[in-house]
Amino acid sequence: MKLLPAGEAQLERLTDATLEDHGRKLHVTEFAITGLAFDPQPVWLDDDLHFFGFPGTYLAILREGWEGTNDQLRALARTAQDARNARLARQLAQHPDQAVAIEHVRLFDSEQAVIREDQTVVINGERIARVGPSTAVIVPKDAQHIDGNGKTLLPGLFDMHAHLQPVDGLLNIASGVTSARDMGNDIEDLKHLQGQWDSGSAIGPRVWKAGFIDGRGPFQAPAGLYADTAEEADAAVNPYADLGYIQIKLYSSLKPELVSGIAKTAHARGLRVSGHVPNGMIASQFVEDGADEIQHINFIFLNFLASQAKDTRTPERFTAVAANAAKLDLQSKEVNDFIALLQTHHTTVDVTLDAFEGWFTGRPGKASPDFAPMLDRLPAQVQRAAYSGGLPVTDQNDQLYKDSYEALLRMTKRMYDAGIPILAGTDSTAGLMLHRELELEVRAGIPPAKALQIATFNAARLLKQENELGSVAPGKRADFVLVEGNPAERISDIRRSRLVMKNGTMYKSSDVYAAVGIKPAD
């Protein structure tokens, strides 16, 4: 079926089952509607083609009286989803059986944050074999030749704030994101995804995992482990460490008095500590109690807004910042003292600027600015959602909220200039929004080459992977993205990905984008 304003939807039959519950039997079939959103929209129908429901983890809608079949249907749906992803991996992944040479390409040297013109890069299997001026690099006779004229080769990008779902694998790889740090997820679901992506049975990035700990209560996070006592907090850290997680992420309902103990246990196990600043604390206290990193730029502002935000478990953590960020003097003594504290403690800030752009500046009926640059590339339902608006505003605070977003950008630049490590993460639509995050960092005043360095070498170094990833250099893993143009001068060229390699497996960006209903950037 043709769609407005563009695109095409298709109906695909996936699987079926005979359900049994309380002595009753019912035959149902799972169908998927493709072309509306990034991933297929599943729906279960009975044999009369009447709606039965769709299963889920956080949200499920099922016919009354059949609620007990949710887990069975979830398992069947995941099997069907896995089969589809495996089929896409077979179709879209290229496994070169000879060396690959990208010739006469503009190379982004991420360690120095500079461009090197007319370079040739030779990849042999999973590793980069040779890098240097095209006049000096010897290309194997049987190599596959790729013309790099007019293009830039960059290391694979890192998204340092993700909550990974199956479709994110395709979105990331198509966009040149070959590594992602998951900042909170269901343990078993993430293990399943990572196993598929690592084995190549599905398309997706490398994964580093942060374990999620929150306190119990009406605003508790829907996934992770929970702790309300020092004993529970200590016990929550160790399972994550045993499973190879690299970090602990704390959340808003955790009791502030538990932070220091968690930090001590995590550090003893070699894990970093970060998160939302728990309700009842401010960022400076969070840092002093052992946090290595702060998630989200709003918590930087909430450090100065304790009297305006009574409960940061609620949307007040957004609205208080929207109403007050523009009023904060970024050169004041209290801001200077706070930045000095971050410097002393070597604190990293995961700003997620893109996650706030739509909230603060999006208005109903107008394309949200975070989606506007790529709107015509997206599936129909995604386009429609871009017009839904952000935080509710009035005539009196409309401009104030926009001004406060500009203050978020200025604070990001203020921290960057002070040497505070900034991370590039999305907490939003995978792949595509990392491009937007880099554009916003540049809009804040960070030079394009430095923004690219943040998303490549700096991220690899924070993850202690700089010897394997983060730059295009001999001996390193063959993770890179080839883009049209020069994003070190015009950052938006990062959207124009043409070819992506992860660990020696090559993907044509346009084909992977097509699998999620996206048109490639011109």
# chains A, B, ... in the order shown; residues from 1 in each chain; ligands from 1
>>> select_by_dssp(residues="segment 316-434 of chain A", states="strand (DSSP E)", output="PyMOL selection string")
chain A and resi 348-350+422-423
>>> write_last_selection(atoms="C-alpha atoms", output="PDB file, in the first residue's frame")
ATOM      1  CA  THR A 348      33.159  13.093  32.546  1.00  0.00           C
ATOM      2  CA  VAL A 349      29.837  14.525  31.320  1.00  0.00           C
ATOM      3  CA  ASP A 350      27.556  12.598  28.968  1.00  0.00           C
ATOM      4  CA  ILE A 422      32.438  15.478  26.945  1.00  0.00           C
ATOM      5  CA  LEU A 423      30.852  12.330  25.531  1.00  0.00           C
TER       6      LEU A 423
END
>>> closest_atom_pairs(of="segment 124-161 of chain A", to="segment 113-120 of chain A", cutoff="10 Å", atoms="only C-alpha atoms", output="tab-separated table")
residue	atom	partner	partner_atom	distance
A:Arg130	CA	A:Thr120	CA	7.9
A:Val131	CA	A:Thr120	CA	5.9
A:Gly132	CA	A:Gln119	CA	5.4
A:Pro133	CA	A:Gln119	CA	4.4
A:Ser134	CA	A:Gln119	CA	4.9
A:Thr135	CA	A:Gln119	CA	8.3
A:Ala136	CA	A:Thr120	CA	8.6
A:Val137	CA	A:Thr120	CA	6.5
A:Ile138	CA	A:Thr120	CA	8.9
A:Val139	CA	A:Thr120	CA	8.5
A:Ile146	CA	A:Thr120	CA	9.8
A:Asp147	CA	A:Thr120	CA	9.6
A:Gly148	CA	A:Thr120	CA	8.4
A:Asn149	CA	A:Asp118	CA	8.1
A:Gly150	CA	A:Asp118	CA	9.7
A:Thr152	CA	A:Ile115	CA	8.7
A:Leu153	CA	A:Gln119	CA	9.3
A:Leu154	CA	A:Ile115	CA	9.7
>>> write_last_selection(atoms="C-alpha atoms", output="tab-separated table (two decimals), in the first residue's frame")
chain	number	residue	atom	x	y	z
A	130	ARG	CA	48.47	-0.44	5.99
A	131	VAL	CA	47.75	3.29	6.17
A	132	GLY	CA	49.64	6.09	4.47
A	133	PRO	CA	49.99	8.43	1.51
A	134	SER	CA	48.67	6.88	-1.69
A	135	THR	CA	52.06	7.34	-3.32
A	136	ALA	CA	53.71	5.19	-0.66
A	137	VAL	CA	51.25	2.41	0.23
A	138	ILE	CA	51.67	-0.83	-1.71
A	139	VAL	CA	48.28	-2.37	-2.53
A	146	ILE	CA	37.39	1.17	-3.52
A	147	ASP	CA	37.74	4.70	-4.88
A	148	GLY	CA	37.87	7.20	-2.03
A	149	ASN	CA	38.03	10.37	-4.11
A	150	GLY	CA	35.78	13.07	-2.61
A	152	THR	CA	36.40	10.86	4.06
A	153	LEU	CA	37.32	7.72	5.97
A	154	LEU	CA	36.71	7.90	9.72
>>> residues_around(residues="Asn279 of chain A", least_positions_apart="6", cutoff="9 Å", atoms="only C-alpha atoms", output="PDB file with C-alpha atoms, in the first residue's frame")
ATOM      1  CA  TYR A 251      19.017   6.286  38.783  1.00  0.00           C
ATOM      2  CA  SER A 252      16.732   8.883  40.254  1.00  0.00           C
ATOM      3  CA  SER A 253      14.935   6.864  42.976  1.00  0.00           C
ATOM      4  CA  LEU A 254      18.107   5.565  44.618  1.00  0.00           C
ATOM      5  CA  LYS A 255      18.609   6.828  48.169  1.00  0.00           C
ATOM      6  CA  PRO A 256      21.445   9.398  48.162  1.00  0.00           C
ATOM      7  CA  LYS A 310      11.522  19.584  44.423  1.00  0.00           C
ATOM      8  CA  ASP A 311      11.442  16.034  43.009  1.00  0.00           C
ATOM      9  CA  THR A 312      13.823  15.118  40.199  1.00  0.00           C
ATOM     10  CA  ARG A 313      12.206  11.705  39.818  1.00  0.00           C
TER      11      ARG A 313
END
>>> closest_atom_pairs(of="segment 22-80 of chain A", to="segment 368-381 of chain A", cutoff="10 Å", atoms="only C-alpha atoms", output="tab-separated table")
residue	atom	partner	partner_atom	distance
A:Thr34	CA	A:Pro379	CA	9.6
A:Gly35	CA	A:Pro379	CA	6.3
A:Leu36	CA	A:Gln381	CA	5.4
A:Ala37	CA	A:Pro379	CA	5.3
A:Phe38	CA	A:Pro379	CA	6.8
A:Asp39	CA	A:Pro379	CA	9.8
>>> closest_residue(among="A:His161, A:His345, A:Arg461, A:Arg127", to="Phe480 of chain A", atoms="only C-alpha atoms")
A:Arg127
>>> closest_atom_pairs(of="segment 146-216 of chain A", to="segment 287-302 of chain A", cutoff="12 Å", atoms="only C-alpha atoms", output="tab-separated table")
residue	atom	partner	partner_atom	distance
A:Met160	CA	A:Gln295	CA	10.2
A:His161	CA	A:Gln295	CA	8.5
A:Ala162	CA	A:Gln295	CA	11.6
A:Met183	CA	A:Gln295	CA	9.5
A:Gly184	CA	A:Gln295	CA	11.9
>>> write_last_selection(atoms="all heavy atoms", output="mmCIF file, in the first residue's frame")
data_model
loop_
_atom_site.group_PDB
_atom_site.id
_atom_site.type_symbol
_atom_site.label_atom_id
_atom_site.label_comp_id
_atom_site.auth_asym_id
_atom_site.auth_seq_id
_atom_site.Cartn_x
_atom_site.Cartn_y
_atom_site.Cartn_z
ATOM 1 N N MET A 160 27.761 6.726 23.039
ATOM 2 C CA MET A 160 28.087 6.465 24.437
ATOM 3 C C MET A 160 26.878 6.540 25.370
ATOM 4 O O MET A 160 27.031 6.480 26.593
ATOM 5 C CB MET A 160 29.181 7.429 24.892
ATOM 6 C CG MET A 160 30.507 7.203 24.171
ATOM 7 S SD MET A 160 31.238 5.582 24.500
ATOM 8 C CE MET A 160 31.993 5.911 26.100
ATOM 9 N N HIS A 161 25.667 6.628 24.799
ATOM 10 C CA HIS A 161 24.467 6.556 25.644
ATOM 11 C C HIS A 161 23.339 5.921 24.839
ATOM 12 O O HIS A 161 22.562 6.602 24.166
ATOM 13 C CB HIS A 161 24.036 7.927 26.155
ATOM 14 C CG HIS A 161 23.037 7.841 27.268
ATOM 15 N ND1 HIS A 161 23.194 8.478 28.476
ATOM 16 C CD2 HIS A 161 21.863 7.155 27.374
ATOM 17 C CE1 HIS A 161 22.167 8.210 29.257
ATOM 18 N NE2 HIS A 161 21.340 7.400 28.595
ATOM 19 N N ALA A 162 23.252 4.608 24.934
ATOM 20 C CA ALA A 162 22.225 3.863 24.209
ATOM 21 C C ALA A 162 21.433 2.993 25.173
ATOM 22 O O ALA A 162 21.901 2.654 26.265
ATOM 23 C CB ALA A 162 22.875 2.995 23.133
ATOM 24 N N MET A 183 23.370 1.946 28.385
ATOM 25 C CA MET A 183 23.306 2.590 29.691
ATOM 26 C C MET A 183 22.117 2.132 30.532
ATOM 27 O O MET A 183 21.666 2.852 31.423
ATOM 28 C CB MET A 183 23.267 4.105 29.513
ATOM 29 C CG MET A 183 24.538 4.681 28.913
ATOM 30 S SD MET A 183 26.032 4.256 29.836
ATOM 31 C CE MET A 183 25.721 5.102 31.381
ATOM 32 N N GLY A 184 21.644 0.922 30.298
ATOM 33 C CA GLY A 184 20.576 0.376 31.127
ATOM 34 C C GLY A 184 19.603 -0.423 30.303
ATOM 35 O O GLY A 184 18.985 0.116 29.379
#
>>> closest_residue(among="A:Arg269, A:Lys519, A:Arg216, A:Lys2", to="Pro239 of chain A", atoms="only C-alpha atoms")
A:Arg269
>>> residues_around(residues="Arg84 of chain A", least_positions_apart="3", cutoff="12 Å", atoms="only C-alpha atoms", output="number ranges by chain")
A: 12-15, 32, 34, 39-40, 77-81, 87-91, 166-167, 201-203, 515
>>> closest_residue(among="A:Gly362, A:Leu462, A:Asp21, A:Leu26", to="Glu67 of chain A", atoms="only C-alpha atoms")
A:Asp21
>>> residues_around(residues="Gly270 of chain A", least_positions_apart="6", cutoff="9 Å", atoms="only C-alpha atoms", output="CSV table (one decimal) with N, CA and C atoms, in the first residue's frame")
chain,number,residue,atom,x,y,z
A,241,ALA,N,29.4,-6.9,37.8
A,241,ALA,CA,30.9,-7.1,37.6
A,241,ALA,C,31.2,-8.5,37.1
A,246,ILE,N,31.0,-2.9,32.5
A,246,ILE,CA,32.2,-2.0,32.7
A,246,ILE,C,31.8,-0.8,33.6
A,247,GLN,N,30.5,-0.7,33.9
A,247,GLN,CA,30.1,0.5,34.6
A,247,GLN,C,28.8,0.3,35.3
>>> residues_around(residues="Gln94 of chain A", least_positions_apart="2", cutoff="8 Å", atoms="only C-alpha atoms", output="list in words")
Leu92, Pro96, Thr505, Met506 and Tyr507 of chain A
>>> closest_residue(among="A:Gln194, A:Asn70, A:Gln465, A:Gln383", to="Ala6 of chain A", atoms="only C-alpha atoms")
A:Gln383
>>> residues_around(residues="segment 431-441 of chain A", least_positions_apart="3", cutoff="9 Å", atoms="only C-alpha atoms", output="MDAnalysis selection string")
chainID A and resid 157:159 168:177 352:355 370:371 373:374 409 412:413 424:428 444:448 451:452 454:455 491:492 494:495
>>> closest_residue(among="A:Gln72, A:Gln10, A:Asn85, A:Gln285", to="Leu193 of chain A", atoms="only C-alpha atoms")
A:Asn85
>>> select_by_dssp(residues="segment 199-352 of chain A", states="alpha helix (DSSP H)", output="ChimeraX atom specification")
/A:199,230-242,259-268,283-288,297-302,316-324,333-345
>>> write_last_selection(atoms="C-alpha atoms", output="short mmCIF file (atom, residue, chain, number, x, y, z; two decimals), in the first residue's frame")
data_model
loop_
_atom_site.label_atom_id
_atom_site.label_comp_id
_atom_site.auth_asym_id
_atom_site.auth_seq_id
_atom_site.Cartn_x
_atom_site.Cartn_y
_atom_site.Cartn_z
CA SER A 199 28.45 -13.64 16.11
CA ALA A 230 23.50 -0.75 51.93
CA GLU A 231 23.48 -4.55 51.78
CA GLU A 232 21.24 -4.60 48.70
CA ALA A 233 23.36 -1.91 47.06
CA ASP A 234 26.58 -3.87 47.57
CA ALA A 235 24.90 -7.04 46.34
CA ALA A 236 23.62 -5.30 43.21
CA VAL A 237 27.08 -4.25 42.02
CA ASN A 238 28.73 -7.66 42.05
CA PRO A 239 26.44 -9.50 39.59
CA TYR A 240 27.12 -6.83 36.99
CA ALA A 241 30.86 -7.06 37.58
CA ASP A 242 30.70 -10.85 37.31
CA VAL A 259 25.86 6.36 46.44
CA SER A 260 29.22 6.38 48.22
CA GLY A 261 28.98 2.71 49.16
CA ILE A 262 28.07 1.69 45.63
CA ALA A 263 30.95 3.76 44.28
CA LYS A 264 33.40 2.13 46.67
CA THR A 265 32.27 -1.41 45.76
CA ALA A 266 32.18 -0.64 42.04
CA HIS A 267 35.63 0.93 42.02
CA ALA A 268 37.01 -2.07 43.92
CA ALA A 283 25.57 16.97 41.06
CA SER A 284 28.41 18.27 43.21
CA GLN A 285 27.45 15.87 46.01
CA PHE A 286 27.17 13.03 43.49
CA VAL A 287 30.72 13.71 42.30
CA GLU A 288 32.09 14.04 45.83
CA ILE A 297 23.23 18.12 30.71
CA ASN A 298 20.04 18.87 32.69
CA PHE A 299 21.61 17.45 35.85
CA ILE A 300 24.44 19.95 35.50
CA PHE A 301 21.88 22.77 35.70
CA LEU A 302 19.91 21.07 38.46
CA GLU A 316 10.47 18.54 37.10
CA ARG A 317 13.98 17.48 36.12
CA PHE A 318 13.10 18.81 32.67
CA THR A 319 10.66 21.64 33.35
CA ALA A 320 12.72 23.27 36.10
CA VAL A 321 15.69 23.43 33.74
CA ALA A 322 13.56 24.70 30.86
CA ALA A 323 12.20 27.47 33.08
CA ASN A 324 15.52 28.49 34.66
CA LYS A 333 31.25 32.03 41.13
CA GLU A 334 28.97 29.08 41.81
CA VAL A 335 29.34 27.83 38.24
CA ASN A 336 33.09 28.41 38.32
CA ASP A 337 33.37 26.51 41.60
CA PHE A 338 31.34 23.60 40.22
CA ILE A 339 33.46 23.34 37.08
CA ALA A 340 36.58 23.43 39.25
CA LEU A 341 35.13 20.49 41.19
CA LEU A 342 34.63 18.54 37.95
CA GLN A 343 38.21 19.31 36.98
CA THR A 344 39.57 18.16 40.35
CA HIS A 345 37.66 14.87 40.20
#
>>> atom_distance(atom1="atom CA of Glu8 of chain A", atom2="atom CA of Gly358 of chain A")
27.0 Å
>>> atom_distance(atom1="atom CA of Arg74 of chain A", atom2="atom CA of Val43 of chain A")
11.7 Å
